[in-house]
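Text of work12.txt (compact mmCIF, C-alpha atoms) as supplied:
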# COMPACT_ATOMS: atom_id res chain seq x y z
CA MET A 519 36.64 20.70 58.96
CA ASN A 520 37.28 17.64 56.82
CA LYS A 521 33.64 16.65 57.18
CA TYR A 522 32.64 20.09 55.93
CA LYS A 523 34.89 19.76 52.88
CA VAL A 524 33.50 16.32 52.08
CA LEU A 525 29.95 17.58 52.44
CA SER A 526 30.67 20.60 50.24
CA SER A 527 32.24 18.40 47.56
CA SER A 528 29.26 16.03 47.58
CA ILE A 529 26.94 19.00 46.90
CA VAL A 530 29.06 21.02 44.50
CA LEU A 531 30.14 18.16 42.21
CA PRO A 532 26.60 17.00 41.24
CA CYS A 533 25.60 20.63 40.68
CA MET A 534 28.58 21.12 38.38
CA LEU A 535 27.75 17.95 36.47
CA MET A 536 24.12 19.03 36.13
CA SER A 537 25.12 22.48 34.91
CA THR A 538 27.50 20.92 32.37
CA ALA A 539 24.76 18.59 31.12
CA LEU A 540 22.26 21.46 30.79
CA LEU A 541 24.85 23.55 28.97
CA ALA A 542 25.61 20.69 26.60
CA ALA A 543 21.89 20.18 25.94
CA GLU A 544 21.42 23.88 25.18
CA GLN A 545 24.43 23.86 22.87
CA GLY A 546 23.07 20.71 21.14
CA THR A 547 19.74 22.41 20.60
CA GLU A 548 21.45 25.43 19.10
CA GLN A 549 23.75 23.20 17.07
CA TYR A 550 20.89 21.37 15.32
CA SER A 551 18.34 24.19 15.13
CA GLY A 552 19.49 25.15 11.63
CA LEU A 553 19.35 21.57 10.38
CA HIS A 554 15.92 21.09 11.97
CA LYS A 555 14.61 24.11 10.07
CA GLN A 556 16.15 22.87 6.83
CA LEU A 557 14.55 19.45 7.28
CA SER A 558 11.15 21.07 7.80
CA ILE A 559 11.57 23.15 4.65
CA MET A 560 12.81 20.16 2.65
CA SER A 561 9.81 18.09 3.79
CA ASP A 562 7.47 20.79 2.47
CA ILE A 563 9.39 20.92 -0.81
CA ILE A 564 9.23 17.14 -1.25
CA LYS A 565 5.48 17.13 -0.69
CA SER A 566 5.00 20.04 -3.10
CA SER A 567 7.33 18.66 -5.77
CA VAL A 568 5.67 15.26 -6.05
CA THR A 569 2.18 16.77 -6.10
CA ASP A 570 0.21 15.58 -9.10
CA LYS A 571 -2.63 17.96 -9.91
CA SER A 572 -3.97 15.81 -12.73
CA ALA A 573 -6.67 13.14 -12.42
CA ASN A 574 -8.07 14.77 -9.27
CA GLN A 575 -5.14 13.43 -7.28
CA LEU A 576 -3.71 16.51 -5.64
CA SER A 577 -1.10 14.76 -3.54
CA LYS A 578 0.76 11.51 -3.64
CA ILE A 579 2.09 12.04 -0.12
CA ASN A 580 0.16 11.42 3.08
CA SER A 581 2.85 12.44 5.51
CA ILE A 582 6.57 13.07 5.81
CA GLU A 583 8.56 12.63 9.01
CA SER A 584 12.20 13.64 9.26
CA THR A 585 14.95 13.20 11.82
CA TYR A 586 18.71 13.43 12.14
CA LEU A 587 21.03 10.63 13.30
CA ARG A 588 24.32 12.13 14.37
CA GLY A 589 27.25 10.64 12.48
CA GLN A 590 24.91 9.00 9.95
CA GLY A 591 22.68 11.62 8.40
CA VAL A 592 19.07 12.68 7.90
CA VAL A 593 16.14 10.33 7.39
CA PHE A 594 12.88 11.15 5.60
CA THR A 595 10.06 8.67 6.27
CA ILE A 596 7.36 9.07 3.63
CA SER A 597 3.87 7.59 3.58
CA SER A 598 2.12 7.71 0.24
CA ALA A 599 -1.61 8.24 -0.23
CA ALA A 600 -1.64 4.93 -2.07
CA ASN A 601 -1.21 3.10 1.24
CA ASN A 602 -4.78 4.00 2.20
CA SER A 603 -6.57 3.76 -1.12
CA GLN A 604 -5.78 1.84 -4.26
CA TRP A 605 -3.13 -0.59 -3.03
CA GLY A 606 -3.69 -1.03 0.68
CA ASN A 607 -2.93 -4.18 2.68
CA TYR A 608 -6.12 -6.04 1.82
CA SER A 609 -6.21 -9.77 2.53
CA PHE A 610 -9.59 -10.48 0.92
CA ASN A 611 -9.82 -11.78 -2.64
CA PHE A 612 -11.74 -9.70 -5.13
CA SER A 613 -11.34 -8.29 -8.62
CA MET A 614 -10.39 -4.67 -9.12
CA PRO A 615 -11.64 -2.59 -12.05
CA GLU A 616 -9.07 -1.67 -14.62
CA MET A 617 -6.84 1.02 -13.22
CA PRO A 618 -6.38 4.18 -15.33
CA THR A 619 -3.01 4.78 -16.92
CA LEU A 620 -0.75 6.68 -14.58
CA PRO A 621 -0.38 10.29 -15.73
CA GLU A 622 2.99 11.64 -16.74
CA MET A 623 4.75 13.35 -13.89
CA PRO A 624 4.83 17.15 -14.10
CA ALA A 625 8.13 18.85 -14.78
CA ALA A 626 10.03 19.74 -11.62
CA PRO A 627 9.99 23.43 -10.65
CA ILE A 628 13.17 25.48 -11.04
CA ALA A 629 15.51 25.20 -8.09
CA PRO A 630 15.56 28.28 -5.85
CA GLU A 631 18.73 30.18 -5.07
CA VAL A 632 20.80 28.94 -2.16
CA ASN A 633 19.78 31.60 0.36
CA GLN A 634 16.22 32.05 -0.83
CA ASN A 635 13.34 31.34 1.51
CA PHE A 636 11.76 28.14 0.18
CA HIS A 637 8.39 28.77 1.84
CA GLU A 638 7.96 32.12 0.11
CA LYS A 639 9.16 30.73 -3.20
CA PHE A 640 6.63 27.93 -3.39
CA ASP A 641 3.83 29.32 -1.20
CA ILE A 642 2.94 25.85 0.06
CA ASP A 643 -0.51 25.50 1.63
CA ILE A 644 -0.01 22.42 3.79
CA ASN A 645 -3.52 22.42 5.24
CA GLN A 646 -5.07 22.38 1.78
CA THR A 647 -2.71 19.63 0.60
CA VAL A 648 -3.45 17.42 3.60
CA SER A 649 -7.19 18.07 3.25
CA HIS A 650 -7.18 17.00 -0.40
CA ALA A 651 -5.07 13.94 0.42
CA MET A 652 -7.55 12.87 3.12
CA GLU A 653 -10.49 13.38 0.75
CA SER A 654 -8.71 11.34 -1.91
CA ALA A 655 -8.02 8.55 0.58
CA ALA A 656 -11.67 8.55 1.74
CA VAL A 657 -12.97 8.31 -1.83
CA GLY A 658 -10.52 5.51 -2.57
CA TYR A 659 -11.61 3.60 0.53
CA GLU A 660 -15.31 3.91 -0.37
CA ARG A 661 -14.53 2.67 -3.87
CA ILE A 662 -12.67 -0.34 -2.48
CA VAL A 663 -15.57 -1.22 -0.17
CA GLU A 664 -18.09 -0.91 -3.00
CA ILE A 665 -16.05 -3.19 -5.28
CA PHE A 666 -15.49 -5.67 -2.49
CA GLU A 667 -19.22 -5.84 -1.69
CA HIS A 668 -20.09 -6.32 -5.37
CA ASN A 669 -17.64 -9.18 -5.84
CA ARG A 670 -18.56 -10.75 -2.53
CA ASP A 671 -22.22 -10.77 -3.64
CA LYS A 672 -21.27 -12.48 -6.92
CA THR A 673 -19.27 -15.11 -5.06
CA ARG A 674 -22.12 -15.65 -2.59
CA GLU A 675 -24.61 -16.13 -5.44
CA LEU A 676 -22.41 -18.75 -7.08
CA ARG A 677 -21.96 -20.60 -3.80
CA GLU A 678 -25.70 -20.58 -3.15
CA GLU A 679 -26.37 -21.95 -6.65
CA GLN A 680 -23.76 -24.68 -6.11
CA ARG A 681 -25.26 -25.55 -2.73
CA GLU A 682 -28.80 -25.74 -4.14
CA LEU A 683 -27.66 -27.93 -7.01
CA ALA A 684 -25.88 -30.27 -4.61
CA TYR A 685 -29.07 -30.60 -2.54
CA ASN A 686 -31.17 -31.30 -5.64
CA LEU A 687 -28.71 -33.90 -6.94
CA ARG A 688 -28.76 -35.69 -3.58
CA ASP A 689 -32.58 -35.68 -3.62
CA VAL A 690 -32.61 -37.16 -7.12
CA GLU A 691 -30.08 -39.83 -6.15
CA ARG A 692 -32.14 -40.74 -3.08
CA GLU A 693 -35.35 -41.02 -5.15
CA LYS A 694 -33.54 -43.17 -7.72
CA ARG A 695 -32.34 -45.54 -5.02
CA ASP A 696 -35.86 -45.78 -3.61
CA LEU A 697 -37.37 -46.47 -7.03
CA ASN A 698 -34.72 -49.08 -7.91
CA TYR A 699 -35.44 -50.79 -4.60
CA GLN A 700 -39.19 -50.77 -5.40
CA LEU A 701 -38.52 -51.92 -8.95
CA ALA A 702 -36.82 -55.09 -7.76
CA ARG A 703 -39.92 -56.04 -5.71
CA ALA A 704 -42.77 -54.58 -7.78
CA SER A 705 -45.35 -56.36 -9.86
CA ASP A 706 -45.27 -56.18 -13.65
CA GLU A 707 -47.90 -53.44 -13.73
CA ARG A 708 -46.06 -51.35 -11.17
CA LYS A 709 -42.67 -51.82 -12.86
CA ALA A 710 -43.73 -49.86 -15.97
CA GLU A 711 -44.71 -46.86 -13.84
CA ILE A 712 -41.49 -47.03 -11.82
CA ILE A 713 -39.35 -47.18 -14.98
CA LYS A 714 -41.15 -44.11 -16.30
CA ASP A 715 -40.40 -42.26 -13.05
CA LEU A 716 -36.75 -43.34 -13.21
CA LYS A 717 -36.36 -41.95 -16.73
CA SER A 718 -37.84 -38.64 -15.55
CA LEU A 719 -35.37 -38.55 -12.67
CA GLU A 720 -32.47 -39.28 -15.02
CA LYS A 721 -33.47 -36.32 -17.16
CA GLN A 722 -33.56 -34.12 -14.07
CA GLU A 723 -30.15 -35.45 -13.03
CA SER A 724 -28.70 -34.77 -16.47
CA LYS A 725 -30.04 -31.20 -16.43
CA LEU A 726 -28.67 -30.61 -12.92
CA ASN A 727 -25.24 -31.88 -13.95
CA GLU A 728 -25.24 -29.53 -16.95
CA ASP A 729 -26.09 -26.63 -14.66
CA LYS A 730 -23.33 -27.75 -12.29
CA VAL A 731 -20.79 -27.58 -15.12
CA LYS A 732 -21.99 -24.09 -16.09
CA ILE A 733 -21.73 -22.80 -12.53
CA THR A 734 -18.27 -24.37 -12.17
CA ASP A 735 -17.20 -22.62 -15.37
CA LYS A 736 -18.55 -19.31 -14.03
CA ALA A 737 -16.63 -19.78 -10.78
CA ASN A 738 -13.43 -20.60 -12.68
CA ASP A 739 -13.87 -17.57 -14.93
CA LEU A 740 -14.42 -15.33 -11.90
CA ALA A 741 -11.29 -16.74 -10.23
CA LYS A 742 -9.24 -16.13 -13.40
CA LYS A 743 -10.57 -12.60 -13.67
CA GLN A 744 -9.72 -11.89 -10.04
CA LYS A 745 -6.23 -13.31 -10.51
CA ALA A 746 -5.65 -11.22 -13.65
CA GLU A 747 -6.92 -8.06 -11.95
CA GLN A 748 -4.74 -8.80 -8.92
CA SER A 749 -1.68 -9.09 -11.19
CA LYS A 750 -2.63 -5.86 -12.91
CA ARG A 751 -3.08 -4.15 -9.54
CA ILE A 752 0.38 -5.33 -8.42
CA GLU A 753 1.90 -4.08 -11.70
CA HIS A 754 0.29 -0.63 -11.40
CA ARG A 755 1.36 -0.44 -7.76
CA ALA A 756 4.98 -1.16 -8.72
CA GLN A 757 4.82 1.46 -11.51
CA TYR A 758 3.37 4.01 -9.11
CA TYR A 759 6.14 3.62 -6.54
CA GLN A 760 8.82 3.50 -9.22
CA GLN A 761 7.65 6.85 -10.60
CA LEU A 762 7.39 8.25 -7.07
CA THR A 763 10.96 7.11 -6.34
CA VAL A 764 12.21 8.79 -9.52
CA LYS A 765 10.42 12.00 -8.59
CA LEU A 766 11.85 11.98 -5.06
CA THR A 767 15.36 11.48 -6.45
CA GLU A 768 14.88 14.38 -8.87
CA THR A 769 13.70 16.54 -5.97
CA LEU A 770 16.81 15.73 -3.93
CA CYS A 771 18.93 16.48 -6.97
CA LEU A 772 17.32 19.90 -7.39
CA TYR A 773 16.95 20.99 -3.78
CA GLY A 774 19.35 18.82 -1.79
CA ASN A 775 21.83 21.69 -1.56
CA GLY A 776 19.39 23.26 0.92
CA LEU A 777 20.61 20.83 3.60
CA LYS A 778 23.68 22.94 4.30
CA GLU A 779 23.92 21.98 7.98
CA LEU A 780 24.30 18.29 7.13
CA PRO A 781 28.00 17.26 7.42
CA LYS A 782 29.62 16.41 4.07
CA GLN A 783 30.48 12.81 4.96
CA GLU A 784 26.94 11.88 6.04
CA HIS A 785 23.89 10.60 4.19
CA VAL A 786 20.30 11.35 3.22
CA SER A 787 18.02 8.33 3.61
CA VAL A 788 14.48 8.06 2.24
CA ILE A 789 12.09 5.44 3.63
CA LEU A 790 9.00 4.84 1.48
CA LYS A 791 6.51 3.08 3.73
CA SER A 792 4.94 -0.10 2.32
CA ALA A 793 6.41 0.56 -1.14
CA GLY A 794 8.21 -2.77 -1.46
CA GLU A 795 7.20 -6.35 -2.09
CA GLN A 796 4.55 -8.15 -0.07
CA SER A 797 5.86 -10.55 2.55
CA SER A 798 4.20 -12.25 5.55
CA GLY A 799 0.97 -10.31 5.15
CA ARG A 800 2.59 -6.87 4.83
CA TYR A 801 4.36 -4.70 2.28
CA LYS A 802 8.03 -4.08 3.00
CA ASP A 803 9.40 -0.54 3.21
CA SER A 804 11.54 0.62 0.29
CA ILE A 805 14.71 2.41 1.42
CA LEU A 806 17.15 4.58 -0.54
CA VAL A 807 20.39 5.90 0.95
CA PHE A 808 22.22 8.78 -0.79
CA THR A 809 25.52 10.40 0.17
CA LYS A 810 25.51 14.15 0.60
CA GLU A 811 28.47 14.27 -1.78
CA ASP A 812 26.46 12.62 -4.58
CA ILE A 813 23.47 14.90 -3.94
CA ALA A 814 25.76 17.93 -4.13
CA SER A 815 27.22 16.64 -7.41
CA CYS A 816 23.72 16.24 -8.84
CA SER A 817 22.74 19.75 -7.68
CA ALA A 818 25.84 21.09 -9.44
CA ASP A 819 24.91 19.19 -12.65
CA LYS A 820 27.98 16.99 -12.37
CA ILE A 821 25.81 13.87 -12.43
CA SER A 822 22.21 13.28 -13.53
CA ALA A 823 19.28 12.33 -11.32
CA ALA A 824 19.34 8.89 -12.93
CA LYS A 825 23.00 8.52 -11.98
CA LEU A 826 22.21 9.71 -8.46
CA MET A 827 19.63 6.94 -8.11
CA GLU A 828 22.07 4.42 -9.57
CA LYS A 829 24.71 5.37 -6.99
CA SER A 830 22.30 5.12 -4.07
CA GLN A 831 21.99 2.10 -1.81
CA ALA A 832 18.53 0.58 -2.34
CA TYR A 833 16.99 -2.21 -0.31
CA GLN A 834 13.73 -3.36 1.29
CA PHE A 835 13.04 -4.02 4.95
Now that the file is in, can you turn its structure into structure tokens?
Amino acid sequence: MNKYKVLSSSIVLPCMLMSTALLAAEQGTEQYSGLHKQLSIMSDIIKSSVTDKSANQLSKINSIESTYLRGQGVVFTISSAANNSQWGNYSFNFSMPEMPTLPEMPAAPIAPEVNQNFHEKFDIDINQTVSHAMESAAVGYERIVEIFEHNRDKTRELREEQRELAYNLRDVEREKRDLNYQLARASDERKAEIIKDLKSLEKQESKLNEDKVKITDKANDLAKKQKAEQSKRIEHRAQYYQQLTVKLTETLCLYGNGLKELPKQEHVSVILKSAGEQSSGRYKDSILVFTKEDIASCSADKISAAKLMEKSQAYQF
């Protein structure tokens, strides 16, 4: 009888534990289903709000991923189209053409009512947005390759000219040594001819040295141009991500009240991939952490979007 009870307990207890775990999992799914839907809607709103329809750049966002960390808050991980086009992680050295002035950001759309369906309000066509973003990235990549090839050809031409000059100078030096050797042992009649040949070689050497200086100057000018264009590219990149950060903050200020399922004491974090400074061959991620309380205050016009950004925790990783 005791054996039967022990056997029954060994079967029933695991079953009870399994049932409890399954029940907890189902309750967890139900618990976060509302927040999951709100995150999906907010991701669509972020992508739509930062869309720039000017300058044939229909989207500044490649992708948005979102998740929830219990006890901490929600996290939006955003990849910008710039990562694959104008300011990618290129290690080669070349000069970029002057970048156009960044267009002014469009005014943010009016915030929808609390219970309004965001999808219907904005009628977001995600497929079209992604398609345009991919086309933009492809065009940007082709442009980068074309510029790289052009500058690589210019560098190759200069190196070939320098190499040819070096060969010619060595040939002249060798002929001069041979003639000076002959001059020391030649007859008087032969010396006059050798001296004439030496003068001709000196003229060639002088001309080659002048050409060498010109090519060196060209190479230095090209290096300066590349350095200046690189600095300009870095400056435009920083401006781009600064404006994108401002726009994202404004979007959270306008629509952050849509994250109703997020507990009041938790946070909204935004990770901008590769938007930070360059370090160890890569661009760091730029991270902003907002409290839900501050976002709610901004949505209620108690603080401005600029103040919301000021109160956020910002760092790079």
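Among the candidates A:Glu548, A:Glu711, A:Leu716, A:Val568, the one nearest to Arg695 (chain A) when counting only C-alpha atoms is A:Leu716.
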With 9 Å as the threshold, what does the neighbourhood of (-23.0, -19.8, -9.8) contain in terms of residues, counting all atoms listed in the file? Coordinates are those of the file; answer as a PDB file with C-alpha atoms, in the coordinates of the input.
ATOM      1  CA  LYS A 672     -21.270 -12.480  -6.920  1.00  0.00           C
ATOM      2  CA  THR A 673     -19.270 -15.110  -5.060  1.00  0.00           C
ATOM      3  CA  ARG A 674     -22.120 -15.650  -2.590  1.00  0.00           C
ATOM      4  CA  GLU A 675     -24.610 -16.130  -5.440  1.00  0.00           C
ATOM      5  CA  LEU A 676     -22.410 -18.750  -7.080  1.00  0.00           C
ATOM      6  CA  ARG A 677     -21.960 -20.600  -3.800  1.00  0.00           C
ATOM      7  CA  GLU A 678     -25.700 -20.580  -3.150  1.00  0.00           C
ATOM      8  CA  GLU A 679     -26.370 -21.950  -6.650  1.00  0.00           C
ATOM      9  CA  GLN A 680     -23.760 -24.680  -6.110  1.00  0.00           C
ATOM     10  CA  ASP A 729     -26.090 -26.630 -14.660  1.00  0.00           C
ATOM     11  CA  LYS A 730     -23.330 -27.750 -12.290  1.00  0.00           C
ATOM     12  CA  LYS A 732     -21.990 -24.090 -16.090  1.00  0.00           C
ATOM     13  CA  ILE A 733     -21.730 -22.800 -12.530  1.00  0.00           C
ATOM     14  CA  THR A 734     -18.270 -24.370 -12.170  1.00  0.00           C
ATOM     15  CA  ASP A 735     -17.200 -22.620 -15.370  1.00  0.00           C
ATOM     16  CA  LYS A 736     -18.550 -19.310 -14.030  1.00  0.00           C
ATOM     17  CA  ALA A 737     -16.630 -19.780 -10.780  1.00  0.00           C
TER      18      ALA A 737
END
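Between CA of Lys778 (chain A) and CA of Asp819 (chain A) the separation is 17.4 Å.
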Worksheet item: Between CA of Leu587 (chain A) and CA of Ser561 (chain A), what is the distance, to one decimal in Å?
Response: 16.5 Å
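The interatomic distance for the pair CA of Ala756 (chain A) and CA of Ser792 (chain A) works out to 11.1 Å.
Proximity ranking of A:Ala814, A:Met560, A:Leu697, A:Ile712 relative to Asn775 (chain A) places A:Ala814 first, based on only C-alpha atoms.
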Fill in: Test item: residues at most 10 Å from Ser787 (chain A), only C-alpha atoms, excluding those fewer than 5 positions along its chain, as a list in words
Ser584, Tyr586, Gln590, Gly591, Val592, Val593, Phe594, Thr595, Ile805, Leu806, Val807, Phe808, Thr809, Lys810, Ser830, Gln831 and Ala832 of chain A
I need the residues from that last selection saved to file as a compact mmCIF listing (two decimals), in the coordinates of the input (with C-alpha atoms), if you can.
# COMPACT_ATOMS: atom_id res chain seq x y z
CA SER A 584 12.20 13.64 9.26
CA TYR A 586 18.71 13.43 12.14
CA GLN A 590 24.91 9.00 9.95
CA GLY A 591 22.68 11.62 8.40
CA VAL A 592 19.07 12.68 7.90
CA VAL A 593 16.14 10.33 7.39
CA PHE A 594 12.88 11.15 5.60
CA THR A 595 10.06 8.67 6.27
CA ILE A 805 14.71 2.41 1.42
CA LEU A 806 17.15 4.58 -0.54
CA VAL A 807 20.39 5.90 0.95
CA PHE A 808 22.22 8.78 -0.79
CA THR A 809 25.52 10.40 0.17
CA LYS A 810 25.51 14.15 0.60
CA SER A 830 22.30 5.12 -4.07
CA GLN A 831 21.99 2.10 -1.81
CA ALA A 832 18.53 0.58 -2.34
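Among the candidate residues A:Glu811, A:Ala818, A:Ile713, A:Tyr759, the one lying nearest to Ser597 (chain A) is A:Tyr759, with distances computed using only C-alpha atoms.
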Practice prompt. Between A:Ile559, A:Lys743, A:Tyr833, A:Gly774, single out the one closest to Asn669 (chain A), counting all atoms listed in the file.
Written response: A:Lys743
Box dimensions and centre (Å, one decimal) enclosing region 701-712 of chain A, axis-aligned, 5 Å extra per side, as lines of an AutoDock Vina configuration file:
center_x = -42.4
center_y = -51.6
center_z = -10.8
size_x = 21.1
size_y = 19.5
size_z = 20.3
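When all atoms listed in the file are used to compute distances to Arg688 (chain A), the closest of the residues A:Gly776, A:Ser581, A:Leu726, A:Ala702 turns out to be A:Leu726.
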Practice prompt. Determine, counting all atoms listed in the file, every residue of protein, DNA or RNA that lies within 7 Å of (11.1, 2.9, 1.0) in the file coordinates, then give the result as a count of residues only.
Written response: 12
Worksheet item: When distances are computed from only C-alpha atoms, which of A:Leu701, A:Ala710, A:Ala684, A:Val764 shows the smallest separation from Asn727 (chain A)?
Response: A:Ala684
Item to complete: Tell me, as a ChimeraX atom specification, which residues lie within 9 Å of Leu762 (chain A), counting only C-alpha atoms; anything in the same chain fewer than 3 positions away does not count.
Response: /A:568,578,623,757-759,765-767
